[in-house]
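entry32.pdb follows (PDB, C-alpha atoms and all ligand atoms):
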ATOM      1  CA  MET R 282     146.383   2.567  81.456
ATOM      2  CA  GLU R 283     147.269  -0.939  80.328
ATOM      3  CA  ASN R 284     151.031  -0.866  80.395
ATOM      4  CA  ILE R 285     151.848   1.104  83.512
ATOM      5  CA  VAL R 286     150.544   1.283  87.069
ATOM      6  CA  VAL R 287     150.392   4.644  88.798
ATOM      7  CA  ALA R 288     150.294   4.873  92.596
ATOM      8  CA  ARG R 289     150.766   7.505  95.289
ATOM      9  CA  PRO R 290     152.531   5.567  98.070
ATOM     10  CA  ARG R 291     154.054   8.598  99.833
ATOM     11  CA  ARG R 292     153.107  12.202 100.413
ATOM     12  CA  ARG R 293     153.589  14.186  97.181
ATOM     13  CA  VAL R 294     155.301  11.218  95.482
ATOM     14  CA  MET R 295     154.016   9.443  92.397
ATOM     15  CA  LEU R 296     155.211   5.894  91.709
ATOM     16  CA  ILE R 297     155.009   4.766  88.082
ATOM     17  CA  THR R 298     155.557   1.046  87.502
ATOM     18  CA  LEU R 299     156.156  -0.202  83.974
ATOM     19  CA  ASP R 300     153.911  -3.226  83.642
ATOM     20  CA  ARG R 301     154.372  -5.258  80.467
ATOM     21  CA  PRO R 302     155.873  -8.320  82.148
ATOM     22  CA  LYS R 303     155.487 -10.628  79.157
ATOM     23  CA  ALA R 304     157.702  -8.334  77.068
ATOM     24  CA  LEU R 305     160.093  -7.492  79.929
ATOM     25  CA  ASN R 306     158.666  -3.953  79.870
ATOM     26  CA  ALA R 307     159.741  -3.290  76.301
ATOM     27  CA  LEU R 308     158.871   0.290  75.426
ATOM     28  CA  ASN R 309     156.213   0.021  72.772
ATOM     29  CA  LYS R 310     154.402   3.102  71.557
ATOM     30  CA  ALA R 311     151.450   2.535  73.878
ATOM     31  CA  LEU R 312     153.613   2.227  76.996
ATOM     32  CA  LEU R 313     155.626   5.333  76.115
ATOM     33  CA  GLY R 314     152.391   7.244  75.522
ATOM     34  CA  GLU R 315     150.999   6.197  78.901
ATOM     35  CA  LEU R 316     154.248   7.076  80.639
ATOM     36  CA  ALA R 317     154.245  10.515  79.020
ATOM     37  CA  GLN R 318     150.605  11.016  80.026
ATOM     38  CA  ALA R 319     151.337  10.074  83.661
ATOM     39  CA  LEU R 320     154.250  12.518  83.709
ATOM     40  CA  ARG R 321     152.075  15.280  82.277
ATOM     41  CA  GLU R 322     149.634  14.653  85.121
ATOM     42  CA  ALA R 323     152.484  14.655  87.640
ATOM     43  CA  GLU R 324     153.744  17.933  86.214
ATOM     44  CA  ALA R 325     150.422  19.711  86.589
ATOM     45  CA  GLY R 326     149.663  21.056  90.047
ATOM     46  CA  ASP R 327     151.497  20.727  93.321
ATOM     47  CA  GLU R 328     150.163  17.355  94.522
ATOM     48  CA  VAL R 329     153.201  15.578  93.074
ATOM     49  CA  ARG R 330     156.661  16.936  93.733
ATOM     50  CA  CYS R 331     158.790  13.900  92.867
ATOM     51  CA  VAL R 332     158.249  10.815  90.698
ATOM     52  CA  VAL R 333     159.727   7.342  91.065
ATOM     53  CA  LEU R 334     159.914   5.189  87.964
ATOM     54  CA  THR R 335     160.380   1.450  88.226
ATOM     55  CA  GLY R 336     159.771  -1.850  86.441
ATOM     56  CA  SER R 337     159.707  -5.394  87.782
ATOM     57  CA  GLN R 338     162.365  -7.264  89.728
ATOM     58  CA  ARG R 339     163.311  -9.124  86.552
ATOM     59  CA  SER R 340     163.345  -6.160  84.211
ATOM     60  CA  PHE R 341     163.234  -2.393  84.428
ATOM     61  CA  SER R 342     162.880  -2.356  80.652
ATOM     62  CA  ALA R 343     164.374  -4.424  77.814
ATOM     63  CA  GLY R 344     164.313  -1.403  75.511
ATOM     64  CA  ALA R 345     162.408  -0.464  72.398
ATOM     65  CA  ASP R 346     159.851  -3.045  71.366
ATOM     66  CA  ILE R 347     161.704  -4.966  68.691
ATOM     67  CA  LYS R 348     158.507  -6.627  67.552
ATOM     68  CA  GLU R 349     157.006  -3.226  66.822
ATOM     69  CA  MET R 350     159.870  -2.348  64.505
ATOM     70  CA  PRO R 351     158.784  -2.576  60.914
ATOM     71  CA  GLU R 352     161.236  -3.955  58.407
ATOM     72  CA  GLY R 353     162.211  -0.463  57.276
ATOM     73  CA  GLY R 354     163.055   0.495  60.875
ATOM     74  CA  ILE R 355     163.161   4.230  60.530
ATOM     75  CA  PRO R 356     159.415   5.042  60.286
ATOM     76  CA  MET R 357     158.726   3.558  63.726
ATOM     77  CA  PHE R 358     161.587   5.454  65.337
ATOM     78  CA  ALA R 359     160.661   8.711  63.678
ATOM     79  CA  GLU R 360     156.955   8.352  64.394
ATOM     80  CA  ALA R 361     155.752  11.688  65.782
ATOM     81  CA  GLY R 362     153.747  10.374  68.758
ATOM     82  CA  ARG R 363     156.656   8.247  69.885
ATOM     83  CA  LEU R 364     159.110  11.138  69.661
ATOM     84  CA  ARG R 365     156.657  13.384  71.511
ATOM     85  CA  SER R 366     156.482  10.863  74.356
ATOM     86  CA  TRP R 367     160.265  10.790  74.652
ATOM     87  CA  LYS R 368     160.345  14.607  74.609
ATOM     88  CA  THR R 369     157.817  14.721  77.458
ATOM     89  CA  ILE R 370     160.012  12.413  79.545
ATOM     90  CA  GLU R 371     163.119  14.398  78.620
ATOM     91  CA  ARG R 372     161.502  17.702  79.575
ATOM     92  CA  PHE R 373     159.801  16.540  82.764
ATOM     93  CA  PRO R 374     160.759  19.374  85.116
ATOM     94  CA  LYS R 375     160.291  17.712  88.517
ATOM     95  CA  PRO R 376     162.805  15.308  90.073
ATOM     96  CA  LEU R 377     162.615  11.825  88.575
ATOM     97  CA  VAL R 378     164.101   8.906  90.516
ATOM     98  CA  ALA R 379     164.618   5.509  88.868
ATOM     99  CA  ALA R 380     164.448   2.266  90.848
ATOM    100  CA  VAL R 381     166.163  -0.197  88.532
ATOM    101  CA  ASN R 382     166.117  -3.962  88.940
ATOM    102  CA  GLY R 383     167.043  -6.492  86.288
ATOM    103  CA  TYR R 384     167.451  -5.448  82.658
ATOM    104  CA  ALA R 385     167.872  -1.798  81.686
ATOM    105  CA  LEU R 386     168.741  -2.354  78.050
ATOM    106  CA  GLY R 387     168.615  -0.186  74.941
ATOM    107  CA  GLY R 388     165.761   2.277  75.362
ATOM    108  CA  GLY R 389     165.437   1.026  78.959
ATOM    109  CA  CYS R 390     168.984   2.184  79.629
ATOM    110  CA  GLU R 391     168.244   5.447  77.805
ATOM    111  CA  LEU R 392     165.234   5.926  80.062
ATOM    112  CA  THR R 393     167.465   5.661  83.132
ATOM    113  CA  LEU R 394     169.725   8.305  81.579
ATOM    114  CA  LEU R 395     166.748  10.682  81.663
ATOM    115  CA  CYS R 396     166.207  10.056  85.359
ATOM    116  CA  ASP R 397     167.852  12.423  87.820
ATOM    117  CA  ILE R 398     168.799   9.835  90.443
ATOM    118  CA  VAL R 399     169.181   6.122  89.752
ATOM    119  CA  VAL R 400     168.926   3.579  92.558
ATOM    120  CA  ALA R 401     169.837   0.090  91.375
ATOM    121  CA  GLY R 402     169.255  -3.360  92.790
ATOM    122  CA  GLU R 403     172.161  -5.784  92.849
ATOM    123  CA  ASN R 404     170.663  -7.735  89.937
ATOM    124  CA  ALA R 405     170.495  -4.692  87.643
ATOM    125  CA  ARG R 406     172.133  -4.913  84.209
ATOM    126  CA  PHE R 407     172.657  -1.831  82.085
ATOM    127  CA  GLY R 408     173.405  -2.186  78.410
ATOM    128  CA  THR R 409     173.049  -0.951  74.855
ATOM    129  CA  PRO R 410     172.660  -4.201  72.880
ATOM    130  CA  GLU R 411     171.231  -2.512  69.762
ATOM    131  CA  ILE R 412     174.355  -3.354  67.758
ATOM    132  CA  LYS R 413     173.272  -6.997  67.911
ATOM    133  CA  ILE R 414     170.259  -6.161  65.760
ATOM    134  CA  ALA R 415     172.288  -3.841  63.510
ATOM    135  CA  ALA R 416     171.006  -0.709  65.235
ATOM    136  CA  PHE R 417     172.398   1.732  67.785
ATOM    137  CA  PRO R 418     170.948   3.683  70.723
ATOM    138  CA  GLY R 419     168.565   6.062  69.025
ATOM    139  CA  ASP R 420     166.709   7.630  71.910
ATOM    140  CA  GLY R 421     169.500   9.769  73.260
ATOM    141  CA  GLY R 422     171.986   7.041  74.193
ATOM    142  CA  THR R 423     174.799   7.981  71.827
ATOM    143  CA  GLN R 424     174.850  11.456  73.388
ATOM    144  CA  ARG R 425     173.905  10.922  77.011
ATOM    145  CA  LEU R 426     175.854   7.719  77.675
ATOM    146  CA  PRO R 427     179.302   9.240  76.903
ATOM    147  CA  ARG R 428     178.357  12.310  78.937
ATOM    148  CA  ALA R 429     177.492  10.002  81.832
ATOM    149  CA  VAL R 430     180.325   7.472  81.716
ATOM    150  CA  GLY R 431     182.911   8.971  79.370
ATOM    151  CA  LYS R 432     183.810   8.133  75.788
ATOM    152  CA  ALA R 433     185.835   4.958  76.315
ATOM    153  CA  ARG R 434     183.225   3.219  78.440
ATOM    154  CA  ALA R 435     180.341   4.379  76.249
ATOM    155  CA  MET R 436     182.138   3.074  73.165
ATOM    156  CA  MET R 437     182.763  -0.223  74.930
ATOM    157  CA  MET R 438     179.075  -0.575  75.757
ATOM    158  CA  ILE R 439     177.708   0.621  72.412
ATOM    159  CA  LEU R 440     180.168  -1.199  70.133
ATOM    160  CA  THR R 441     180.195  -4.520  71.979
ATOM    161  CA  GLY R 442     176.551  -4.477  73.076
ATOM    162  CA  GLU R 443     177.606  -6.257  76.264
ATOM    163  CA  PRO R 444     175.799  -5.177  79.449
ATOM    164  CA  ILE R 445     177.501  -4.066  82.634
ATOM    165  CA  ASP R 446     176.470  -5.244  86.071
ATOM    166  CA  ALA R 447     175.140  -3.039  88.850
ATOM    167  CA  ARG R 448     178.478  -2.701  90.635
ATOM    168  CA  THR R 449     180.162  -1.524  87.448
ATOM    169  CA  ALA R 450     177.286   0.883  86.777
ATOM    170  CA  LEU R 451     177.812   2.314  90.256
ATOM    171  CA  ALA R 452     181.547   2.650  89.704
ATOM    172  CA  TRP R 453     180.975   4.289  86.310
ATOM    173  CA  GLY R 454     178.505   6.814  87.675
ATOM    174  CA  LEU R 455     175.319   5.576  85.998
ATOM    175  CA  VAL R 456     173.925   4.710  89.397
ATOM    176  CA  ALA R 457     173.847   6.824  92.559
ATOM    177  CA  GLU R 458     173.202   4.002  95.009
ATOM    178  CA  LEU R 459     173.254   0.218  94.969
ATOM    179  CA  VAL R 460     170.909  -1.718  97.265
ATOM    180  CA  PRO R 461     169.668  -5.298  97.675
ATOM    181  CA  THR R 462     167.212  -6.017  94.865
ATOM    182  CA  GLU R 463     164.185  -6.301  97.142
ATOM    183  CA  ARG R 464     164.967  -2.877  98.662
ATOM    184  CA  THR R 465     165.279  -0.858  95.440
ATOM    185  CA  VAL R 466     161.776   0.584  95.227
ATOM    186  CA  GLU R 467     161.543   1.361  98.955
ATOM    187  CA  ARG R 468     164.885   3.143  98.902
ATOM    188  CA  ALA R 469     163.885   5.175  95.833
ATOM    189  CA  LEU R 470     160.588   6.066  97.529
ATOM    190  CA  ASP R 471     162.440   7.177 100.672
ATOM    191  CA  ILE R 472     164.667   9.434  98.592
ATOM    192  CA  ALA R 473     161.656  10.780  96.702
ATOM    193  CA  ALA R 474     159.693  11.404  99.896
ATOM    194  CA  SER R 475     162.516  13.443 101.380
ATOM    195  CA  ILE R 476     162.917  15.416  98.135
ATOM    196  CA  ALA R 477     159.160  16.024  98.005
ATOM    197  CA  GLU R 478     159.304  17.971 101.271
ATOM    198  CA  TYR R 479     161.399  20.692  99.648
ATOM    199  CA  SER R 480     160.167  23.719  97.768
ATOM    200  CA  PRO R 481     158.989  22.553  94.327
ATOM    201  CA  ILE R 482     160.306  25.681  92.671
ATOM    202  CA  ALA R 483     163.638  25.258  94.416
ATOM    203  CA  LEU R 484     163.836  21.682  93.078
ATOM    204  CA  GLN R 485     163.065  22.527  89.477
ATOM    205  CA  MET R 486     165.641  25.259  89.060
ATOM    206  CA  PRO R 487     168.738  23.245  90.019
ATOM    207  CA  LYS R 488     167.438  20.285  87.968
ATOM    208  CA  ALA R 489     167.280  22.542  84.912
ATOM    209  CA  GLU R 490     170.637  24.041  85.742
ATOM    210  CA  VAL R 491     172.397  20.697  86.217
ATOM    211  CA  LEU R 492     170.964  19.416  82.928
ATOM    212  CA  ALA R 493     172.154  22.592  81.226
ATOM    213  CA  ALA R 494     175.688  21.596  82.196
ATOM    214  CA  PHE R 495     175.421  18.799  79.624
ATOM    215  CA  GLU R 496     173.746  20.844  76.934
ATOM    216  CA  LYS R 497     175.101  24.375  76.920
ATOM    217  CA  PRO R 498     178.406  26.217  76.984
ATOM    218  CA  LEU R 499     179.437  27.055  80.540
ATOM    219  CA  ASP R 500     178.871  30.764  80.166
ATOM    220  CA  GLU R 501     175.276  30.254  79.056
ATOM    221  CA  SER R 502     174.443  27.573  81.579
ATOM    222  CA  LEU R 503     175.673  29.732  84.434
ATOM    223  CA  SER R 504     173.076  32.335  83.559
ATOM    224  CA  LEU R 505     170.281  30.846  85.663
ATOM    225  CA  GLU R 506     172.572  30.677  88.678
ATOM    226  CA  ARG R 507     173.739  34.212  88.078
ATOM    227  CA  LYS R 508     170.225  35.558  87.796
ATOM    228  CA  MET R 509     169.572  34.013  91.195
ATOM    229  CA  LEU R 510     165.863  33.783  90.414
ATOM    230  CA  LEU R 511     165.361  31.379  93.261
ATOM    231  CA  TRP R 512     166.546  33.883  95.790
ATOM    232  CA  GLN R 513     163.601  36.081  94.834
ATOM    233  CA  THR R 514     160.883  33.511  95.581
ATOM    234  CA  GLU R 515     158.428  33.398  98.478
ATOM    235  CA  ASP R 516     159.635  29.856  99.190
ATOM    236  CA  HIS R 517     163.151  31.111  99.765
ATOM    237  CA  ASP R 518     161.868  33.718 102.243
ATOM    238  CA  GLU R 519     159.852  30.973 103.916
ATOM    239  CA  GLY R 520     162.929  28.725 104.112
ATOM    240  CA  ILE R 521     164.928  31.485 105.819
ATOM    241  CA  ALA R 522     162.058  32.391 108.162
ATOM    242  CA  ALA R 523     161.477  28.747 109.143
ATOM    243  CA  PHE R 524     165.182  28.307 109.885
ATOM    244  CA  VAL R 525     165.288  31.390 112.081
ATOM    245  CA  GLU R 526     162.026  30.497 113.850
ATOM    246  CA  LYS R 527     163.138  26.852 114.280
ATOM    247  CA  ARG R 528     160.048  25.405 112.586
ATOM    248  CA  LYS R 529     159.282  23.235 109.521
ATOM    249  CA  PRO R 530     158.897  25.314 106.347
ATOM    250  CA  GLU R 531     155.600  25.310 104.426
ATOM    251  CA  TYR R 532     156.553  25.611 100.785
ATOM    252  CA  LYS R 533     153.998  26.842  98.259
ATOM    253  CA  GLY R 534     155.973  26.661  95.019
ATOM    254  CA  ARG R 535     156.004  30.428  94.535
TER     255      ARG R 535
HETATM  256  N1  LIG R 601     161.148  -5.989  72.422
HETATM  257  C1  LIG R 601     160.105  -6.842  72.327
HETATM  258  N2  LIG R 601     160.012  -7.985  73.048
HETATM  259  C2  LIG R 601     161.020  -8.253  73.913
HETATM  260  C3  LIG R 601     162.128  -7.415  74.081
HETATM  261  C4  LIG R 601     162.170  -6.216  73.298
HETATM  262  N3  LIG R 601     163.162  -5.328  73.397
HETATM  263  N4  LIG R 601     162.953  -7.951  74.995
HETATM  264  C5  LIG R 601     162.381  -9.095  75.404
HETATM  265  N5  LIG R 601     161.210  -9.292  74.749
HETATM  266  C6  LIG R 601     160.271 -10.405  74.896
HETATM  267  C7  LIG R 601     160.827 -11.664  74.270
HETATM  268  O1  LIG R 601     160.607 -11.658  72.860
HETATM  269  C8  LIG R 601     160.051 -12.733  74.991
HETATM  270  O2  LIG R 601     158.762 -12.786  74.443
HETATM  271  P1  LIG R 601     158.118 -14.244  74.053
HETATM  272  O3  LIG R 601     157.970 -14.924  75.387
HETATM  273  O4  LIG R 601     156.812 -13.867  73.433
HETATM  274  O5  LIG R 601     159.076 -14.893  73.160
HETATM  275  C9  LIG R 601     159.932 -12.143  76.412
HETATM  276  O6  LIG R 601     160.153 -10.733  76.267
HETATM  277  C10 LIG R 601     160.947 -12.711  77.377
HETATM  278  O7  LIG R 601     162.236 -12.549  76.788
HETATM  279  P2  LIG R 601     163.301 -13.743  76.664
HETATM  280  O8  LIG R 601     162.600 -15.040  76.557
HETATM  281  O9  LIG R 601     164.257 -13.372  75.592
HETATM  282  O10 LIG R 601     163.971 -13.634  78.115
HETATM  283  P3  LIG R 601     165.483 -13.974  78.502
HETATM  284  O11 LIG R 601     165.534 -13.869  79.989
HETATM  285  O12 LIG R 601     165.938 -15.233  77.869
HETATM  286  O13 LIG R 601     166.353 -12.784  77.847
HETATM  287  C11 LIG R 601     166.883 -10.499  77.351
HETATM  288  C12 LIG R 601     166.163 -11.474  78.291
HETATM  289  C13 LIG R 601     168.397 -10.679  77.450
HETATM  290  C14 LIG R 601     166.513  -9.092  77.816
HETATM  291  C15 LIG R 601     166.436 -10.748  75.894
HETATM  292  O14 LIG R 601     165.021 -10.781  75.853
HETATM  293  C16 LIG R 601     166.882  -9.685  74.936
HETATM  294  O15 LIG R 601     168.027  -9.707  74.503
HETATM  295  N6  LIG R 601     165.985  -8.743  74.577
HETATM  296  C17 LIG R 601     166.272  -7.694  73.635
HETATM  297  C18 LIG R 601     167.036  -6.573  74.285
HETATM  298  C19 LIG R 601     167.393  -5.525  73.268
HETATM  299  O16 LIG R 601     167.986  -5.776  72.253
HETATM  300  N7  LIG R 601     167.019  -4.256  73.581
HETATM  301  C20 LIG R 601     167.285  -3.146  72.735
HETATM  302  C21 LIG R 601     166.134  -2.922  71.837
HETATM  303  S1  LIG R 601     166.471  -1.786  70.571
HETATM  304  C22 LIG R 601     166.365  -0.269  71.293
HETATM  305  O17 LIG R 601     166.122  -0.094  72.447
HETATM  306  C23 LIG R 601     166.533   0.780  70.256
HETATM  307  C24 LIG R 601     166.944   2.110  70.644
HETATM  308  O18 LIG R 601     167.420   2.458  71.698
HETATM  309  C25 LIG R 601     166.819   3.075  69.610
END
Let me see the file written as structure tokens.
Ligand code: CAA
Amino acid sequence: MENIVVARPRRRVMLITLDRPKALNALNKALLGELAQALREAEAGDEVRCVVLTGSQRSFSAGADIKEMPEGGIPMFAEAGRLRSWKTIERFPKPLVAAVNGYALGGGCELTLLCDIVVAGENARFGTPEIKIAAFPGDGGTQRLPRAVGKARAMMMILTGEPIDARTALAWGLVAELVPTERTVERALDIAASIAEYSPIALQMPKAEVLAAFEKPLDESLSLERKMLLWQTEDHDEGIAAFVEKRKPEYKGR
């Protein structure tokens, strides 16, 4: 992998660091492909239960690689491999925590919208500057940003292209927690490590259910909850037994 670094700094946690510093972690096709591949590996098996995604202190990601955009524009965006990579990120079923420092612009901001929990450093800047190059957020931003921050704020960001600072992102709900810039990755890893102790099957169901709240009519999205599939798992029995016996549960993901 040339554009990302994959590490396992905590039990059952994978840390993926975007690593194209000269391009401020712009999301070229190669980087997206590597990220998707790492997530596929994280998805398989039980060794990884939570993933943390980060960039550098200067830049989480400055968005789609503008230099990769051909003059026509559309062919690059519609390119099948690129879209497949985005789909893999979008459909990643395990908890995904973003540790965001510096720029999260364009596709970089859209990437944070696909993360389940966003921890931001004080120097983080979120924005959709595509309008400045006569484009608009094309990797989910026009749909997910208004769902995350509401129409008025999304319109402000998308139509002006001006970024918001970390405090505003916290106030607007893009960010779950704001920390000093040098603490961002450690804090995200702490969160991930605590999540990774839980039953993997119990984690995936509420993630899917919460995401369904943004995608489906209420009646449909309540179906998973109503079926109460989780309550029929071995892990749930183990959770109850461990509570009663005052011991730490051993979850198997079944
Ligand atoms: N694509 C390709 N290269 C990029 C890039 C991007 N999105 N963003 C930055 N870079 C490169 C710069 O070209 C520069 O490379 P060189 O040294 O070879 O010239 C290097 O990264 C450092 O950038 P700057 O010198 O510009 O650094 P700065 O600190 O002065 O400015 C910045 C930082 C404000 C992020 C500025 O680089 C910038 O505005 N970048 C573009 C951000 C942008 O428009 N993102 C949206 C892309 S479109 C998109 O994402 C589409 C979509 O959703 C569908």
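For segment 289-300 of chain R, the non-local neighbours within 7 Å, defined as residues at least 6 positions apart in the same chain or in other chains and counting all atoms listed in the file, are Asn306, Glu328, Val329, Arg330, Cys331, Val332, Val333, Leu334, Thr335, Gly336, Ala473, Ala474 and Ala477 of chain R.
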> How would you write, as a ChimeraX atom specification, the set of residues no farther than 6 Å from ligand LIG 601 (chain R) when counting all atoms listed in the file?
Replying inline: /R:303-305,307,343-348,386-388,410-411,418-420
> Do you know which residues the PyMOL selection byres (((chain R and resi 400) around 8) and not hetatm) returns on this file, as a PyMOL selection string?
Replying inline: chain R and resi 378-381+398-399+401-402+456-460+465+468-469
Filtering to C-alpha atoms, could you give me those residues as a JSON list (two decimals), in the frame of the given file?
[["chain", "number", "residue", "atom", "x", "y", "z"],
["R", 378, "VAL", "CA", 164.10, 8.91, 90.52],
["R", 379, "ALA", "CA", 164.62, 5.51, 88.87],
["R", 380, "ALA", "CA", 164.45, 2.27, 90.85],
["R", 381, "VAL", "CA", 166.16, -0.20, 88.53],
["R", 398, "ILE", "CA", 168.80, 9.84, 90.44],
["R", 399, "VAL", "CA", 169.18, 6.12, 89.75],
["R", 401, "ALA", "CA", 169.84, 0.09, 91.38],
["R", 402, "GLY", "CA", 169.26, -3.36, 92.79],
["R", 456, "VAL", "CA", 173.92, 4.71, 89.40],
["R", 457, "ALA", "CA", 173.85, 6.82, 92.56],
["R", 458, "GLU", "CA", 173.20, 4.00, 95.01],
["R", 459, "LEU", "CA", 173.25, 0.22, 94.97],
["R", 460, "VAL", "CA", 170.91, -1.72, 97.26],
["R", 465, "THR", "CA", 165.28, -0.86, 95.44],
["R", 468, "ARG", "CA", 164.88, 3.14, 98.90],
["R", 469, "ALA", "CA", 163.88, 5.18, 95.83]]
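Among the candidate residues R:Glu403, R:Glu496, R:Glu360, R:Glu490, the one lying nearest to Ile445 of chain R is R:Glu403, with distances computed using all atoms listed in the file.
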>> For Glu531 of chain R, find every residue with an atom within 12 Å (counting only C-alpha atoms), except residues of its own chain fewer than 6 positions away, and show them as an NGL selection string.
In response: :R and (477-481 or 515-524)
>> For a quick check of understanding, using only C-alpha atoms, which of R:Leu492, R:Ala416, R:Ile476, R:Met486 has the smallest distance to Arg428 of chain R?
In response: R:Leu492
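Taking atom CA of Arg372 of chain R and atom CA of Tyr384 of chain R as endpoints, the distance between them is 24.1 Å.
Interatomic distance, atom CA of Glu371 of chain R to atom CA of Glu463 of chain R: 27.8 Å.
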> Of the candidates R:Thr462, R:Ala415, R:Pro444, R:Lys488, which one gets nearest to Phe373 of chain R if we count all atoms listed in the file?
Replying inline: R:Lys488
